[in-house]
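Colleague: You'll find my_file-v2.cif just under this line, and it carries mmCIF, C-alpha atoms.
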data_input
#
loop_
_atom_site.label_atom_id
_atom_site.label_comp_id
_atom_site.auth_asym_id
_atom_site.auth_seq_id
_atom_site.Cartn_x
_atom_site.Cartn_y
_atom_site.Cartn_z
CA MET N 1 102.57 111.83 103.77
CA GLY N 2 103.22 109.04 101.23
CA VAL N 3 106.03 106.58 100.64
CA THR N 4 108.38 106.11 97.70
CA VAL N 5 110.11 102.91 96.60
CA ASP N 6 113.02 103.01 94.13
CA VAL N 7 114.30 99.98 92.22
CA HIS N 8 117.32 99.64 89.95
CA GLN N 9 118.31 96.43 88.15
CA VAL N 10 120.61 95.53 85.28
CA TYR N 11 119.53 92.52 83.23
CA LYS N 12 122.43 90.93 81.39
CA TYR N 13 120.30 90.45 78.30
CA PRO N 14 119.72 92.65 75.23
CA PHE N 15 117.01 95.31 75.36
CA GLU N 16 114.70 93.60 72.85
CA GLN N 17 114.68 90.33 74.81
CA VAL N 18 114.05 92.10 78.11
CA VAL N 19 111.13 94.12 76.73
CA ALA N 20 109.60 91.02 75.10
CA SER N 21 109.82 89.17 78.43
CA PHE N 22 108.33 92.13 80.31
CA LEU N 23 105.34 92.24 77.97
CA ARG N 24 104.73 88.49 78.52
CA LYS N 25 105.47 88.53 82.25
CA TYR N 26 101.89 88.24 83.53
CA PRO N 27 99.87 86.24 84.31
CA ASN N 28 102.51 83.92 85.72
CA PRO N 29 102.36 81.01 88.21
CA MET N 30 105.14 82.68 90.25
CA ASP N 31 102.79 85.58 91.06
CA LYS N 32 99.21 84.45 91.47
CA ASN N 33 98.13 87.98 92.50
CA VAL N 34 97.99 89.06 88.85
CA ILE N 35 94.84 87.45 87.45
CA SER N 36 94.85 88.92 83.94
CA VAL N 37 96.43 91.57 81.73
CA LYS N 38 94.61 92.88 78.69
CA ILE N 39 95.82 95.28 75.98
CA VAL N 40 93.07 97.89 75.59
CA GLU N 41 94.89 100.18 73.15
CA GLU N 42 97.93 99.83 70.91
CA ARG N 43 99.19 102.07 68.15
CA LYS N 44 102.42 102.99 66.38
CA ASP N 45 103.36 106.56 65.59
CA GLU N 46 104.46 106.29 61.97
CA THR N 47 106.64 109.40 62.26
CA THR N 48 108.64 108.44 65.37
CA GLY N 49 108.16 104.65 65.29
CA ILE N 50 107.15 104.73 68.97
CA ILE N 51 104.71 101.99 69.95
CA TYR N 52 102.14 103.07 72.54
CA ARG N 53 100.30 100.45 74.60
CA LYS N 54 97.69 100.71 77.30
CA ARG N 55 97.04 97.60 79.38
CA ILE N 56 94.67 96.89 82.24
CA ALA N 57 95.70 94.39 84.89
CA ILE N 58 93.26 92.71 87.25
CA CYS N 59 94.96 91.75 90.51
CA GLN N 60 93.81 90.07 93.67
CA ASN N 61 93.24 92.40 96.59
CA VAL N 62 96.25 91.70 98.81
CA ILE N 63 95.27 93.94 101.71
CA PRO N 64 95.26 91.82 104.89
CA GLU N 65 91.85 90.57 106.03
CA ILE N 66 92.08 92.52 109.28
CA LEU N 67 92.22 95.79 107.32
CA ARG N 68 89.39 94.71 105.02
CA LYS N 69 86.98 95.27 107.86
CA VAL N 70 86.90 98.82 106.48
CA SER N 71 84.17 98.63 103.81
CA ILE N 72 86.05 100.51 101.07
CA LEU N 73 88.90 97.99 101.26
CA LYS N 74 86.58 94.99 101.01
CA VAL N 75 86.86 94.33 97.26
CA PRO N 76 88.04 91.05 95.71
CA THR N 77 90.15 92.58 92.93
CA VAL N 78 92.08 95.74 92.12
CA GLN N 79 92.55 97.25 88.66
CA LEU N 80 95.80 98.80 87.46
CA GLU N 81 96.34 100.77 84.26
CA GLU N 82 99.71 100.67 82.54
CA GLU N 83 100.79 102.85 79.64
CA SER N 84 104.05 102.25 77.78
CA TRP N 85 106.01 103.97 75.05
CA LEU N 86 108.44 101.64 73.26
CA ASN N 87 111.14 103.31 71.16
CA LEU N 88 113.08 100.57 69.38
CA GLN N 89 115.37 103.05 67.61
CA GLU N 90 116.62 104.55 70.88
CA ARG N 91 116.26 101.22 72.70
CA ASN N 92 114.16 102.45 75.59
CA MET N 93 110.69 101.90 76.93
CA ALA N 94 108.99 104.25 79.38
CA ILE N 95 106.14 102.90 81.49
CA ARG N 96 103.63 104.66 83.73
CA SER N 97 101.11 102.77 85.78
CA HIS N 98 98.57 103.66 88.40
CA CYS N 99 95.80 102.06 90.41
CA LEU N 100 92.24 102.55 89.17
CA THR N 101 90.71 101.22 92.39
CA TRP N 102 90.30 103.39 95.51
CA THR N 103 91.28 106.56 93.61
CA GLN N 104 89.36 108.75 96.06
CA TYR N 105 91.45 107.39 98.97
CA ALA N 106 94.78 106.30 97.56
CA SER N 107 97.26 107.19 94.89
CA LEU N 108 99.55 104.43 93.63
CA LYS N 109 101.81 105.43 90.76
CA GLU N 110 104.85 103.82 89.22
CA GLU N 111 107.20 105.18 86.60
CA SER N 112 109.66 102.79 85.01
CA VAL N 113 112.23 102.77 82.24
CA PHE N 114 113.96 99.97 80.40
CA ARG N 115 116.98 101.20 78.47
CA GLU N 116 120.21 99.99 76.99
CA SER N 117 122.84 99.82 79.72
CA MET N 118 125.66 102.35 79.52
CA GLU N 119 127.89 99.70 81.07
CA ASN N 120 127.32 97.22 78.22
CA PRO N 121 125.11 97.74 75.12
CA ASN N 122 124.03 94.07 75.32
CA TRP N 123 122.56 94.59 78.79
CA THR N 124 119.39 96.39 79.83
CA GLU N 125 118.94 98.74 82.74
CA PHE N 126 115.61 98.88 84.61
CA ILE N 127 114.76 101.85 86.83
CA GLN N 128 111.47 102.15 88.70
CA ARG N 129 110.01 104.60 91.17
CA GLY N 130 106.75 103.79 92.91
CA ARG N 131 104.84 106.24 95.08
CA ILE N 132 101.89 105.54 97.34
CA SER N 133 99.92 108.04 99.34
CA ILE N 134 96.72 107.39 101.21
CA THR N 135 94.23 109.97 102.40
CA GLY N 136 90.82 109.87 103.97
CA ALA N 137 91.45 106.78 106.09
CA GLY N 138 92.25 108.68 109.30
CA PHE N 139 94.56 106.81 111.62
CA LEU N 140 94.75 103.95 109.09
CA ASN N 141 96.66 106.11 106.57
CA TYR N 142 100.04 105.33 108.13
CA ILE N 143 99.31 101.60 108.59
CA LEU N 144 98.10 101.26 105.00
CA GLU N 145 101.07 103.20 103.62
CA THR N 146 103.49 101.03 105.61
CA PHE N 147 101.82 97.86 104.32
CA ALA N 148 101.77 99.24 100.76
CA SER N 149 105.44 100.21 100.94
CA THR N 150 106.44 96.70 102.06
CA PHE N 151 104.21 95.15 99.42
CA LEU N 152 105.69 97.38 96.68
CA ARG N 153 109.26 96.50 97.67
CA GLN N 154 108.50 92.78 97.80
CA GLY N 155 106.52 93.00 94.55
CA ALA N 156 109.39 94.74 92.78
CA GLN N 157 111.84 92.06 93.93
CA LYS N 158 109.42 89.31 92.89
CA GLY N 159 108.99 91.00 89.49
CA ILE N 160 112.77 91.03 89.02
CA ARG N 161 112.99 87.32 89.93
CA ILE N 162 110.21 86.51 87.44
CA MET N 163 111.95 88.52 84.72
CA GLU N 164 115.27 86.75 85.38
CA MET N 165 113.52 83.36 85.24
CA LEU N 166 111.67 84.20 81.99
CA LEU N 167 114.82 85.55 80.38
CA LYS N 168 116.81 82.47 81.34
CA GLU N 169 114.05 80.15 80.05
CA GLN N 170 113.58 82.03 76.78
CA CYS N 171 117.12 83.21 76.05
CA GLY N 172 119.51 80.97 77.97
CA ALA N 173 122.24 82.07 80.37
CA PRO N 174 122.85 85.82 80.84
CA LEU N 175 125.45 87.50 78.66
CA ALA N 176 128.88 87.87 80.21
CA GLU N 177 130.78 91.13 80.34
#
Would you write the structure of this file as structure tokens?
Modeller:
Amino acid sequence: MGVTVDVHQVYKYPFEQVVASFLRKYPNPMDKNVISVKIVEERKDETTGIIYRKRIAICQNVIPEILRKVSILKVPTVQLEEESWLNLQERNMAIRSHCLTWTQYASLKEESVFRESMENPNWTEFIQRGRISITGAGFLNYILETFASTFLRQGAQKGIRIMEMLLKEQCGAPLAE
């Protein structure tokens, strides 16, 4: 089956500031689930100017204890891989991330874009689509997908709040129309 979560947000800050805040977002005391984020690869395409980054995030396992009775779910941390392509000339950054843990049972993928807002060139639009599907857990598939969907929605909203806070701290009040 699977569930999809879509997020759309306009940050009233310039693209460069939003991307810089995104890249510094974690770890953060507002979200203790993200333990660490490490850049494992970074390179710039000299022809296009596009900066490619691959990061690995280590996160706390947030699956409720009751569901961790299932042995495959009983792990302390979860690893996520994020790849990004930053194009400063076109003022956009594409991001793809997926879960490296439980790959034989679950697929968690997110695709995101930061880009200059069409509404105002000094603002930045953020669009994200997350998809989770779980297989091989029998009757637990639906329960786990429902939990994951709720967690993804709440996580996306928390991520937006963290971004807004970081932007305000680092750049001051949002830009007006």
Colleague: Compile a residue-level contact table for segment 15-42 of chain N against segment 82-100 of chain N at a cut-off of 8 Å, reporting for every qualifying residue the shortest atom pair and its distance in Å to one decimal, with all atoms listed in the file counted, rows ordered by chain and ascending number, as a tab-separated table.
Modeller:
residue	atom	partner	partner_atom	distance
N:Phe15	CA	N:Arg91	CA	6.5
N:Glu16	CA	N:Arg91	CA	7.8
N:Val19	CA	N:Met93	CA	7.8
Colleague: I'd like the interatomic distance between atom CA of Met163 of chain N and atom CA of Thr124 of chain N, to a tenth of an Å.
Modeller: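 Atom CA of Thr124 of chain N lies at a distance of 11.9 Å from atom CA of Met163 of chain N.
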Colleague: What is the atom CA of Asn120 of chain N to atom CA of Tyr26 of chain N distance in Å?
Modeller: 27.5 Å
Colleague: Mind listing whatever residues come within 7 Å of the point (96.3, 103.0, 71.4)? Use only C-alpha atoms, file coordinates, and give them as an NGL selection string.
Modeller: :N and (41-43 or 52-54)
Colleague: Kindly give the distance, in Å, that separates atom CA of Val10 of chain N and atom CA of Val78 of chain N, rounded to a single decimal.
Modeller: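 Distance between the two atoms: 29.3 Å.
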Colleague: Name the closest residue to Asn28 of chain N among the candidates N:Glu111, N:Tyr105, N:Tyr13, N:Gly159; distances are taken between atoms, counting only C-alpha atoms.
Modeller: N:Gly159
Colleague: Find, counting all atoms listed in the file, the residue in N:Arg55, N:Lys25, N:Lys74, N:Lys109 that gets nearest to Arg129 of chain N.
Modeller: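 Closest candidate: N:Lys109.
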Colleague: Which residues come within 12 Å of Thr150 of chain N, counting only C-alpha atoms, excluding same-chain residues fewer than 2 positions away, as a PyMOL selection string?
Modeller: chain N and resi 3-5+62-63+130-132+143-148+152-157
Colleague: Give me the residues near Ile58 of chain N as a compact mmCIF listing (two decimals) with C-alpha atoms, in the coordinates of the input, where near means some atom within 7 Å (using only C-alpha atoms) and where sequence neighbours in that chain fewer than 3 positions away do not count.
Modeller:
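selection19.txt was written with the following content:
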# COMPACT_ATOMS: atom_id res chain seq x y z
CA VAL N 34 97.99 89.06 88.85
CA ILE N 35 94.84 87.45 87.45
CA SER N 36 94.85 88.92 83.94
CA VAL N 37 96.43 91.57 81.73
CA THR N 77 90.15 92.58 92.93
CA VAL N 78 92.08 95.74 92.12
CA GLN N 79 92.55 97.25 88.66
CA LEU N 80 95.80 98.80 87.46
Colleague: Using all atoms listed in the file, find the one residue out of N:Ile160, N:Cys59, N:Ala176, N:Ile134 that sits nearest to Lys38 of chain N.
Modeller: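 Nearest to Lys38 of chain N: N:Cys59.
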